[in-house]
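Visitor: Sharing query.pdb, PDB, C-alpha atoms and all ligand atoms:
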ATOM      1  CA  MET A   1      -2.406  15.178  -9.186
ATOM      2  CA  ASP A   2      -0.021  13.040  -7.117
ATOM      3  CA  THR A   3       1.990  10.238  -8.726
ATOM      4  CA  MET A   4       2.525   6.713  -7.460
ATOM      5  CA  ILE A   5       5.395   4.999  -9.267
ATOM      6  CA  LEU A   6       5.009   1.214  -9.200
ATOM      7  CA  THR A   7       7.980  -0.835 -10.357
ATOM      8  CA  GLY A   8       8.429  -4.412 -11.438
ATOM      9  CA  SER A   9      12.102  -5.173 -11.915
ATOM     10  CA  VAL A  10      14.547  -8.072 -11.986
ATOM     11  CA  TYR A  11      17.941  -6.378 -12.162
ATOM     12  CA  GLY A  12      17.092  -2.933 -10.797
ATOM     13  CA  PHE A  13      16.994  -0.724 -13.903
ATOM     14  CA  ALA A  14      13.276  -0.004 -13.507
ATOM     15  CA  GLU A  15      13.996   1.087  -9.930
ATOM     16  CA  ASP A  16      16.824   3.348 -11.154
ATOM     17  CA  ILE A  17      14.457   4.986 -13.658
ATOM     18  CA  ALA A  18      11.843   5.384 -10.903
ATOM     19  CA  ARG A  19      14.353   7.296  -8.770
ATOM     20  CA  VAL A  20      15.283   9.561 -11.704
ATOM     21  CA  ILE A  21      11.617  10.410 -12.280
ATOM     22  CA  GLU A  22      10.995  10.830  -8.553
ATOM     23  CA  SER A  23      13.763  13.420  -8.239
ATOM     24  CA  GLN A  24      12.421  15.373 -11.234
ATOM     25  CA  LEU A  25       8.902  15.339  -9.790
ATOM     26  CA  ILE A  26      10.161  16.532  -6.405
ATOM     27  CA  ARG A  27      12.083  19.305  -8.164
ATOM     28  CA  ALA A  28       8.819  20.297  -9.899
ATOM     29  CA  ARG A  29       7.068  20.243  -6.496
ATOM     30  CA  CYS A  30       4.817  17.322  -7.467
ATOM     31  CA  ALA A  31       3.975  14.747  -4.794
ATOM     32  CA  VAL A  32       5.338  11.289  -5.570
ATOM     33  CA  GLN A  33       5.942   7.953  -3.905
ATOM     34  CA  ILE A  34       7.670   4.831  -5.201
ATOM     35  CA  VAL A  35       6.332   1.362  -4.498
ATOM     36  CA  ASN A  36       8.658  -1.418  -5.666
ATOM     37  CA  ASP A  37       6.969  -4.784  -6.261
ATOM     38  CA  PRO A  38       3.545  -3.609  -5.038
ATOM     39  CA  ASP A  39       1.682  -5.951  -2.726
ATOM     40  CA  PRO A  40      -1.766  -6.381  -4.327
ATOM     41  CA  VAL A  41      -3.440  -6.604  -0.918
ATOM     42  CA  ARG A  42      -1.834  -3.574   0.729
ATOM     43  CA  CYS A  43      -1.300  -1.291  -2.267
ATOM     44  CA  VAL A  44      -4.207   1.144  -2.643
ATOM     45  CA  LEU A  45      -4.500   3.104  -5.890
ATOM     46  CA  ARG A  46      -6.282   6.365  -5.153
ATOM     47  CA  ALA A  47      -8.638   7.896  -7.691
ATOM     48  CA  ASP A  48      -6.816  11.250  -7.500
ATOM     49  CA  GLU A  49      -3.372   9.717  -8.024
ATOM     50  CA  LEU A  50      -1.672   8.764 -11.311
ATOM     51  CA  PRO A  51      -0.141   5.291 -11.238
ATOM     52  CA  LEU A  52       3.042   5.281 -13.320
ATOM     53  CA  PHE A  53       4.130   1.697 -13.952
ATOM     54  CA  ILE A  54       7.783   0.996 -14.785
ATOM     55  CA  VAL A  55       8.075  -2.667 -15.652
ATOM     56  CA  SER A  56      10.854  -4.754 -17.161
ATOM     57  CA  THR A  57      10.514  -8.061 -19.002
ATOM     58  CA  THR A  58      12.259 -11.272 -18.078
ATOM     59  CA  GLY A  59      12.356 -14.887 -19.293
ATOM     60  CA  ASN A  60      10.466 -15.104 -22.578
ATOM     61  CA  GLY A  61       8.250 -12.058 -22.347
ATOM     62  CA  ASP A  62       7.507 -12.778 -18.691
ATOM     63  CA  ILE A  63       6.501 -10.381 -15.938
ATOM     64  CA  PRO A  64       9.157 -10.083 -13.161
ATOM     65  CA  LYS A  65       8.181 -12.637 -10.501
ATOM     66  CA  PRO A  66       7.664 -10.220  -7.558
ATOM     67  CA  PHE A  67       5.400  -8.036  -9.719
ATOM     68  CA  LYS A  68       3.268 -10.903 -11.065
ATOM     69  CA  PRO A  69       0.799 -11.070  -8.127
ATOM     70  CA  PHE A  70      -0.088  -7.426  -8.699
ATOM     71  CA  VAL A  71      -0.806  -7.965 -12.419
ATOM     72  CA  LEU A  72      -2.844 -11.084 -11.641
ATOM     73  CA  ALA A  73      -4.846  -9.127  -9.047
ATOM     74  CA  VAL A  74      -5.602  -6.380 -11.583
ATOM     75  CA  ALA A  75      -6.632  -8.962 -14.181
ATOM     76  CA  SER A  76      -8.836 -10.945 -11.796
ATOM     77  CA  GLY A  77     -10.548  -7.870 -10.386
ATOM     78  CA  SER A  78      -9.375  -8.524  -6.851
ATOM     79  CA  ILE A  79      -7.976  -5.001  -6.800
ATOM     80  CA  GLY A  80     -11.361  -3.339  -6.539
ATOM     81  CA  THR A  81     -11.086   0.329  -7.386
ATOM     82  CA  LEU A  82      -8.727   1.607 -10.021
ATOM     83  CA  PRO A  83      -8.093   5.194 -11.136
ATOM     84  CA  GLN A  84      -9.238   6.283 -14.593
ATOM     85  CA  HIS A  85      -5.765   6.836 -16.032
ATOM     86  CA  TYR A  86      -2.337   5.234 -15.926
ATOM     87  CA  ALA A  87       1.097   5.811 -17.440
ATOM     88  CA  LEU A  88       3.528   3.087 -18.448
ATOM     89  CA  ILE A  89       7.231   2.742 -19.134
ATOM     90  CA  ALA A  90       8.079  -0.744 -20.410
ATOM     91  CA  LEU A  91      11.701  -1.917 -20.270
ATOM     92  CA  GLY A  92      12.957  -4.625 -22.561
ATOM     93  CA  ASP A  93      15.510  -5.666 -25.122
ATOM     94  CA  SER A  94      14.652  -5.941 -28.804
ATOM     95  CA  ALA A  95      17.106  -8.854 -29.094
ATOM     96  CA  PHE A  96      14.342 -10.939 -27.471
ATOM     97  CA  THR A  97      11.365 -12.151 -29.489
ATOM     98  CA  ASP A  98       8.730 -10.831 -27.096
ATOM     99  CA  PHE A  99       9.972  -7.253 -26.814
ATOM    100  CA  CYS A 100       8.566  -5.540 -23.698
ATOM    101  CA  GLY A 101       6.150  -8.455 -23.314
ATOM    102  CA  ALA A 102       5.565  -7.813 -19.604
ATOM    103  CA  GLY A 103       4.609  -4.206 -20.270
ATOM    104  CA  ARG A 104       2.105  -5.335 -22.880
ATOM    105  CA  LYS A 105       0.605  -7.930 -20.526
ATOM    106  CA  LEU A 106       0.201  -5.314 -17.804
ATOM    107  CA  GLU A 107      -1.289  -2.878 -20.305
ATOM    108  CA  ALA A 108      -3.835  -5.467 -21.458
ATOM    109  CA  ALA A 109      -4.899  -6.076 -17.837
ATOM    110  CA  LEU A 110      -5.261  -2.355 -17.108
ATOM    111  CA  VAL A 111      -7.237  -1.644 -20.285
ATOM    112  CA  ALA A 112      -9.486  -4.668 -19.681
ATOM    113  CA  ARG A 113     -10.363  -3.078 -16.322
ATOM    114  CA  GLY A 114     -11.386   0.137 -18.107
ATOM    115  CA  MET A 115      -8.268   2.212 -17.451
ATOM    116  CA  GLN A 116      -6.986   4.590 -20.111
ATOM    117  CA  GLN A 117      -3.402   5.522 -20.786
ATOM    118  CA  LEU A 118      -2.667   9.185 -20.089
ATOM    119  CA  HIS A 119       0.420   9.333 -22.325
ATOM    120  CA  ASP A 120       1.804   7.145 -25.070
ATOM    121  CA  LYS A 121       3.633   4.202 -23.549
ATOM    122  CA  LEU A 122       7.439   4.558 -23.470
ATOM    123  CA  GLU A 123       9.502   1.525 -24.431
ATOM    124  CA  PHE A 124      13.165   1.428 -23.398
ATOM    125  CA  ASP A 125      15.317  -0.928 -25.455
ATOM    126  CA  ALA A 126      18.458  -2.251 -23.745
ATOM    127  CA  SER A 127      19.925  -3.113 -27.173
ATOM    128  CA  THR A 128      20.443   0.561 -27.983
ATOM    129  CA  ASP A 129      23.024   2.897 -26.500
ATOM    130  CA  ILE A 130      20.452   5.590 -25.735
ATOM    131  CA  ASP A 131      20.820   7.106 -22.273
ATOM    132  CA  TYR A 132      17.384   6.251 -20.888
ATOM    133  CA  GLU A 133      17.949   8.189 -17.687
ATOM    134  CA  ASP A 134      18.159  11.300 -19.906
ATOM    135  CA  VAL A 135      15.043  10.172 -21.811
ATOM    136  CA  ALA A 136      13.174   9.679 -18.523
ATOM    137  CA  THR A 137      14.268  13.105 -17.277
ATOM    138  CA  ASP A 138      13.089  14.862 -20.463
ATOM    139  CA  TRP A 139       9.820  12.899 -20.554
ATOM    140  CA  THR A 140       9.102  13.757 -16.928
ATOM    141  CA  ASN A 141       9.713  17.458 -17.423
ATOM    142  CA  GLU A 142       8.092  17.854 -20.837
ATOM    143  CA  ILE A 143       5.176  15.385 -20.728
ATOM    144  CA  LEU A 144       4.483  14.101 -17.233
ATOM    145  CA  VAL A 145       4.762  17.228 -15.092
ATOM    146  CA  PRO A 146       2.533  19.402 -17.355
ATOM    147  CA  SER A 147      -0.177  16.730 -17.208
ATOM    148  CA  LEU A 148      -0.130  16.670 -13.410
ATOM    149  CA  ILE A 149      -0.547  20.379 -12.692
TER     150      ILE A 149
HETATM  151  C1  LIG A 201      17.300 -13.471 -18.574
HETATM  152  C2  LIG A 201      16.703 -12.245 -19.262
HETATM  153  C3  LIG A 201      15.548 -12.395 -20.007
HETATM  154  C4  LIG A 201      14.987 -11.297 -20.670
HETATM  155  N1  LIG A 201      13.857 -11.463 -21.446
HETATM  156  C5  LIG A 201      13.370 -10.416 -22.141
HETATM  157  C6  LIG A 201      12.232 -10.571 -22.995
HETATM  158  O1  LIG A 201      11.664 -11.652 -23.154
HETATM  159  N2  LIG A 201      11.776  -9.471 -23.664
HETATM  160  C7  LIG A 201      12.361  -8.247 -23.548
HETATM  161  O2  LIG A 201      11.900  -7.300 -24.183
HETATM  162  N3  LIG A 201      13.445  -8.065 -22.739
HETATM  163  C8  LIG A 201      13.959  -9.103 -22.034
HETATM  164  N4  LIG A 201      15.059  -8.924 -21.237
HETATM  165  C9  LIG A 201      15.678  -7.587 -21.148
HETATM  166  C10 LIG A 201      15.302  -6.790 -19.891
HETATM  167  O3  LIG A 201      13.897  -6.588 -19.800
HETATM  168  C11 LIG A 201      15.989  -5.421 -19.949
HETATM  169  O4  LIG A 201      17.385  -5.627 -19.873
HETATM  170  C12 LIG A 201      15.532  -4.486 -18.847
HETATM  171  O5  LIG A 201      16.135  -3.222 -19.033
HETATM  172  C13 LIG A 201      15.876  -5.026 -17.451
HETATM  173  O6  LIG A 201      15.295  -4.147 -16.504
HETATM  174  P1  LIG A 201      15.397  -4.489 -14.918
HETATM  175  O7  LIG A 201      16.844  -4.278 -14.535
HETATM  176  O8  LIG A 201      14.519  -3.449 -14.257
HETATM  177  O9  LIG A 201      14.911  -5.862 -14.697
HETATM  178  C14 LIG A 201      15.610 -10.013 -20.568
HETATM  179  C15 LIG A 201      16.781  -9.880 -19.799
HETATM  180  C16 LIG A 201      17.333 -10.981 -19.163
HETATM  181  C17 LIG A 201      18.622 -10.811 -18.397
END
Could I get this file's structure written as structure tokens?
Ligand SMILES: Cc1cc2nc3c(=O)[nH]c(=O)nc-3n(C[C@H](O)[C@H](O)[C@H](O)COP(=O)(O)O)c2cc1C

Guide:
Amino acid sequence: MDTMILTGSVYGFAEDIARVIESQLIRARCAVQIVNDPDPVRCVLRADELPLFIVSTTGNGDIPKPFKPFVLAVASGSIGTLPQHYALIALGDSAFTDFCGAGRKLEAALVARGMQQLHDKLEFDASTDIDYEDVATDWTNEILVPSLI
């Protein structure tokens, strides 16, 4: 299965993680493309492609502004056909009350449209000193790649 990585970011960390995962997928000879801030009109999610969402949280549990139209389009049904499965990496900071709130809002919209998560959601907490690029690399190689081939 091919992977489409869709990012919603304010400060660029989600895009950094997307590039880490992309390079691991290419190394594993899996087809991948990155779409930053997907346009809900032009972005087509194919049935034979896994959408991997990497979404940070801003404001008070808010979805990054450029990514909001896509989430609203999923929720309203204006994105017609959706694949059966999705994967999600939610970025946040546990110092905020609504930890990874944007990821949870996106997840609720996807599940309401009948999509199922292929893997447990990953939550990256900026308040820790964990190297999340390493976490993303290991997750890609140990969990994501085996599920695609
Ligand atoms: C102004 C601001 C507001 C934020 N609000 C939240 C929040 O409500 N909940 C949360 O979990 N993280 C929040 N964060 C943390 C970011 O989601 C986290 O740092 C993330 O890694 C940023 O990823 P990005 O660079 O892709 O935007 C906030 C960060 C900033 C700077």

Visitor: Please identify every polymer residue within 12 Å of ligand LIG 201 (chain A), using all atoms listed in the file, and present the set as an NGL selection string.

Guide: :A and (6-18 or 36-37 or 53-67 or 89-105 or 123-133)

Visitor: Can you translate the PyMOL selection byres (((chain A and resi 141) around 12) and not hetatm) into the concrete residues it hits in this file, as a PDB file with C-alpha atoms, in the frame of the given file?

Guide:
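Below is the file that was written, part-v4.pdb:
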ATOM      1  CA  VAL A  20      15.283   9.561 -11.704  1.00  0.00           C
ATOM      2  CA  ILE A  21      11.617  10.410 -12.280  1.00  0.00           C
ATOM      3  CA  GLU A  22      10.995  10.830  -8.553  1.00  0.00           C
ATOM      4  CA  SER A  23      13.763  13.420  -8.239  1.00  0.00           C
ATOM      5  CA  GLN A  24      12.421  15.373 -11.234  1.00  0.00           C
ATOM      6  CA  LEU A  25       8.902  15.339  -9.790  1.00  0.00           C
ATOM      7  CA  ILE A  26      10.161  16.532  -6.405  1.00  0.00           C
ATOM      8  CA  ARG A  27      12.083  19.305  -8.164  1.00  0.00           C
ATOM      9  CA  ALA A  28       8.819  20.297  -9.899  1.00  0.00           C
ATOM     10  CA  ARG A  29       7.068  20.243  -6.496  1.00  0.00           C
ATOM     11  CA  CYS A  30       4.817  17.322  -7.467  1.00  0.00           C
ATOM     12  CA  ASP A 134      18.159  11.300 -19.906  1.00  0.00           C
ATOM     13  CA  VAL A 135      15.043  10.172 -21.811  1.00  0.00           C
ATOM     14  CA  ALA A 136      13.174   9.679 -18.523  1.00  0.00           C
ATOM     15  CA  THR A 137      14.268  13.105 -17.277  1.00  0.00           C
ATOM     16  CA  ASP A 138      13.089  14.862 -20.463  1.00  0.00           C
ATOM     17  CA  TRP A 139       9.820  12.899 -20.554  1.00  0.00           C
ATOM     18  CA  THR A 140       9.102  13.757 -16.928  1.00  0.00           C
ATOM     19  CA  GLU A 142       8.092  17.854 -20.837  1.00  0.00           C
ATOM     20  CA  ILE A 143       5.176  15.385 -20.728  1.00  0.00           C
ATOM     21  CA  LEU A 144       4.483  14.101 -17.233  1.00  0.00           C
ATOM     22  CA  VAL A 145       4.762  17.228 -15.092  1.00  0.00           C
ATOM     23  CA  PRO A 146       2.533  19.402 -17.355  1.00  0.00           C
ATOM     24  CA  SER A 147      -0.177  16.730 -17.208  1.00  0.00           C
ATOM     25  CA  LEU A 148      -0.130  16.670 -13.410  1.00  0.00           C
ATOM     26  CA  ILE A 149      -0.547  20.379 -12.692  1.00  0.00           C
TER      27      ILE A 149
END

Visitor: Would you kindly return, as a list in words, each protein, DNA or RNA residue with an atom no farther than 6 Å from any atom of Tyr86 (chain A), considering only C-alpha atoms and excluding same-chain residues fewer than 2 positions away?

Guide: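 My reading of the contact set: Leu50, Pro51, Leu52, Gln117 and Leu118 of chain A.
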
Visitor: Could you check the closest approach to Leu106 (chain A) for each of A:Val41, A:Glu49, A:Lys121, A:Pro83 and tell me which residue wins, using only C-alpha atoms?

Guide: A:Lys121

Visitor: Just the number, please: distance in Å from CA of Arg46 (chain A) to CA of Leu122 (chain A), one decimal.

Guide: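 The value is 23.0 Å.
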
Visitor: What does the distance from CA of Val74 (chain A) to CA of Arg19 (chain A) come to in Å, to one decimal?

Guide: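 That distance, rounded to one decimal, is 24.4 Å.
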
Visitor: So how far away is CA of Ala87 (chain A) from CA of Phe70 (chain A), in Å?

Guide: 15.9 Å

Visitor: Which one of A:Asp39, A:Asp120, A:Asp2, A:Glu107 sits closest to Lys68 (chain A) if you count all atoms listed in the file?

Guide: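 Residue with the minimum atom-to-atom distance to Lys68 (chain A): A:Asp39.
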
Visitor: Please rebuild region 8-19 of chain A with all heavy atoms and give the result as a JSON list (two decimals), keeping the file's coordinate frame.

Guide:
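Okay, this is what ended up in out26.json:
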[["chain", "number", "residue", "atom", "x", "y", "z"],
["A", 8, "GLY", "N", 8.23, -2.97, -11.38],
["A", 8, "GLY", "CA", 8.43, -4.41, -11.44],
["A", 8, "GLY", "C", 9.76, -4.64, -12.14],
["A", 8, "GLY", "O", 9.91, -4.30, -13.32],
["A", 9, "SER", "N", 10.74, -5.14, -11.41],
["A", 9, "SER", "CA", 12.10, -5.17, -11.92],
["A", 9, "SER", "C", 12.76, -6.49, -11.54],
["A", 9, "SER", "O", 12.41, -7.11, -10.53],
["A", 9, "SER", "CB", 12.87, -4.00, -11.28],
["A", 9, "SER", "OG", 14.18, -3.91, -11.78],
["A", 10, "VAL", "N", 13.74, -6.90, -12.35],
["A", 10, "VAL", "CA", 14.55, -8.07, -11.99],
["A", 10, "VAL", "C", 15.94, -7.62, -11.56],
["A", 10, "VAL", "O", 16.45, -8.00, -10.52],
["A", 10, "VAL", "CB", 14.66, -9.07, -13.17],
["A", 10, "VAL", "CG1", 15.49, -10.28, -12.76],
["A", 10, "VAL", "CG2", 13.28, -9.51, -13.63],
["A", 11, "TYR", "N", 16.54, -6.76, -12.39],
["A", 11, "TYR", "CA", 17.94, -6.38, -12.16],
["A", 11, "TYR", "C", 18.10, -4.94, -11.67],
["A", 11, "TYR", "O", 19.22, -4.46, -11.53],
["A", 11, "TYR", "CB", 18.74, -6.59, -13.45],
["A", 11, "TYR", "CG", 18.65, -8.01, -13.94],
["A", 11, "TYR", "CD1", 17.81, -8.35, -15.00],
["A", 11, "TYR", "CD2", 19.35, -9.03, -13.31],
["A", 11, "TYR", "CE1", 17.69, -9.66, -15.44],
["A", 11, "TYR", "CE2", 19.25, -10.34, -13.74],
["A", 11, "TYR", "CZ", 18.42, -10.65, -14.80],
["A", 11, "TYR", "OH", 18.31, -11.94, -15.21],
["A", 12, "GLY", "N", 17.00, -4.24, -11.45],
["A", 12, "GLY", "CA", 17.09, -2.93, -10.80],
["A", 12, "GLY", "C", 17.03, -1.71, -11.70],
["A", 12, "GLY", "O", 17.00, -0.59, -11.20],
["A", 13, "PHE", "N", 17.00, -1.91, -13.03],
["A", 13, "PHE", "CA", 16.99, -0.72, -13.90],
["A", 13, "PHE", "C", 15.68, 0.04, -13.77],
["A", 13, "PHE", "O", 15.67, 1.28, -13.74],
["A", 13, "PHE", "CB", 17.26, -1.13, -15.37],
["A", 13, "PHE", "CG", 17.42, 0.03, -16.30],
["A", 13, "PHE", "CD1", 18.24, 1.10, -15.97],
["A", 13, "PHE", "CD2", 16.75, 0.06, -17.52],
["A", 13, "PHE", "CE1", 18.39, 2.18, -16.84],
["A", 13, "PHE", "CE2", 16.89, 1.13, -18.39],
["A", 13, "PHE", "CZ", 17.71, 2.19, -18.05],
["A", 14, "ALA", "N", 14.57, -0.68, -13.67],
["A", 14, "ALA", "CA", 13.28, 0.00, -13.51],
["A", 14, "ALA", "C", 13.28, 0.85, -12.23],
["A", 14, "ALA", "O", 12.74, 1.96, -12.21],
["A", 14, "ALA", "CB", 12.15, -1.04, -13.45],
["A", 15, "GLU", "N", 13.93, 0.34, -11.20],
["A", 15, "GLU", "CA", 14.00, 1.09, -9.93],
["A", 15, "GLU", "C", 14.89, 2.32, -10.08],
["A", 15, "GLU", "O", 14.60, 3.38, -9.52],
["A", 15, "GLU", "CB", 14.45, 0.16, -8.80],
["A", 15, "GLU", "CG", 13.40, -0.92, -8.53],
["A", 15, "GLU", "CD", 13.89, -2.06, -7.65],
["A", 15, "GLU", "OE1", 15.00, -1.96, -7.10],
["A", 15, "GLU", "OE2", 13.14, -3.05, -7.52],
["A", 16, "ASP", "N", 15.96, 2.18, -10.89],
["A", 16, "ASP", "CA", 16.82, 3.35, -11.15],
["A", 16, "ASP", "C", 16.02, 4.43, -11.88],
["A", 16, "ASP", "O", 16.11, 5.62, -11.53],
["A", 16, "ASP", "CB", 18.02, 2.96, -12.04],
["A", 16, "ASP", "CG", 18.99, 2.02, -11.34],
["A", 16, "ASP", "OD1", 18.92, 1.90, -10.10],
["A", 16, "ASP", "OD2", 19.82, 1.41, -12.05],
["A", 17, "ILE", "N", 15.26, 4.01, -12.89],
["A", 17, "ILE", "CA", 14.46, 4.99, -13.66],
["A", 17, "ILE", "C", 13.42, 5.63, -12.74],
["A", 17, "ILE", "O", 13.16, 6.84, -12.81],
["A", 17, "ILE", "CB", 13.78, 4.28, -14.86],
["A", 17, "ILE", "CG1", 14.83, 3.78, -15.86],
["A", 17, "ILE", "CG2", 12.77, 5.21, -15.55],
["A", 17, "ILE", "CD1", 15.60, 4.86, -16.58],
["A", 18, "ALA", "N", 12.83, 4.84, -11.85],
["A", 18, "ALA", "CA", 11.84, 5.38, -10.90],
["A", 18, "ALA", "C", 12.46, 6.49, -10.06],
["A", 18, "ALA", "O", 11.85, 7.54, -9.83],
["A", 18, "ALA", "CB", 11.30, 4.27, -10.01],
["A", 19, "ARG", "N", 13.70, 6.28, -9.61],
["A", 19, "ARG", "CA", 14.35, 7.30, -8.77],
["A", 19, "ARG", "C", 14.68, 8.57, -9.57],
["A", 19, "ARG", "O", 14.58, 9.68, -9.05],
["A", 19, "ARG", "CB", 15.61, 6.72, -8.12],
["A", 19, "ARG", "CG", 15.28, 5.82, -6.92],
["A", 19, "ARG", "CD", 16.53, 5.43, -6.15],
["A", 19, "ARG", "NE", 17.36, 4.50, -6.91],
["A", 19, "ARG", "CZ", 17.23, 3.18, -6.87],
["A", 19, "ARG", "NH1", 16.32, 2.64, -6.08],
["A", 19, "ARG", "NH2", 18.01, 2.40, -7.59]]
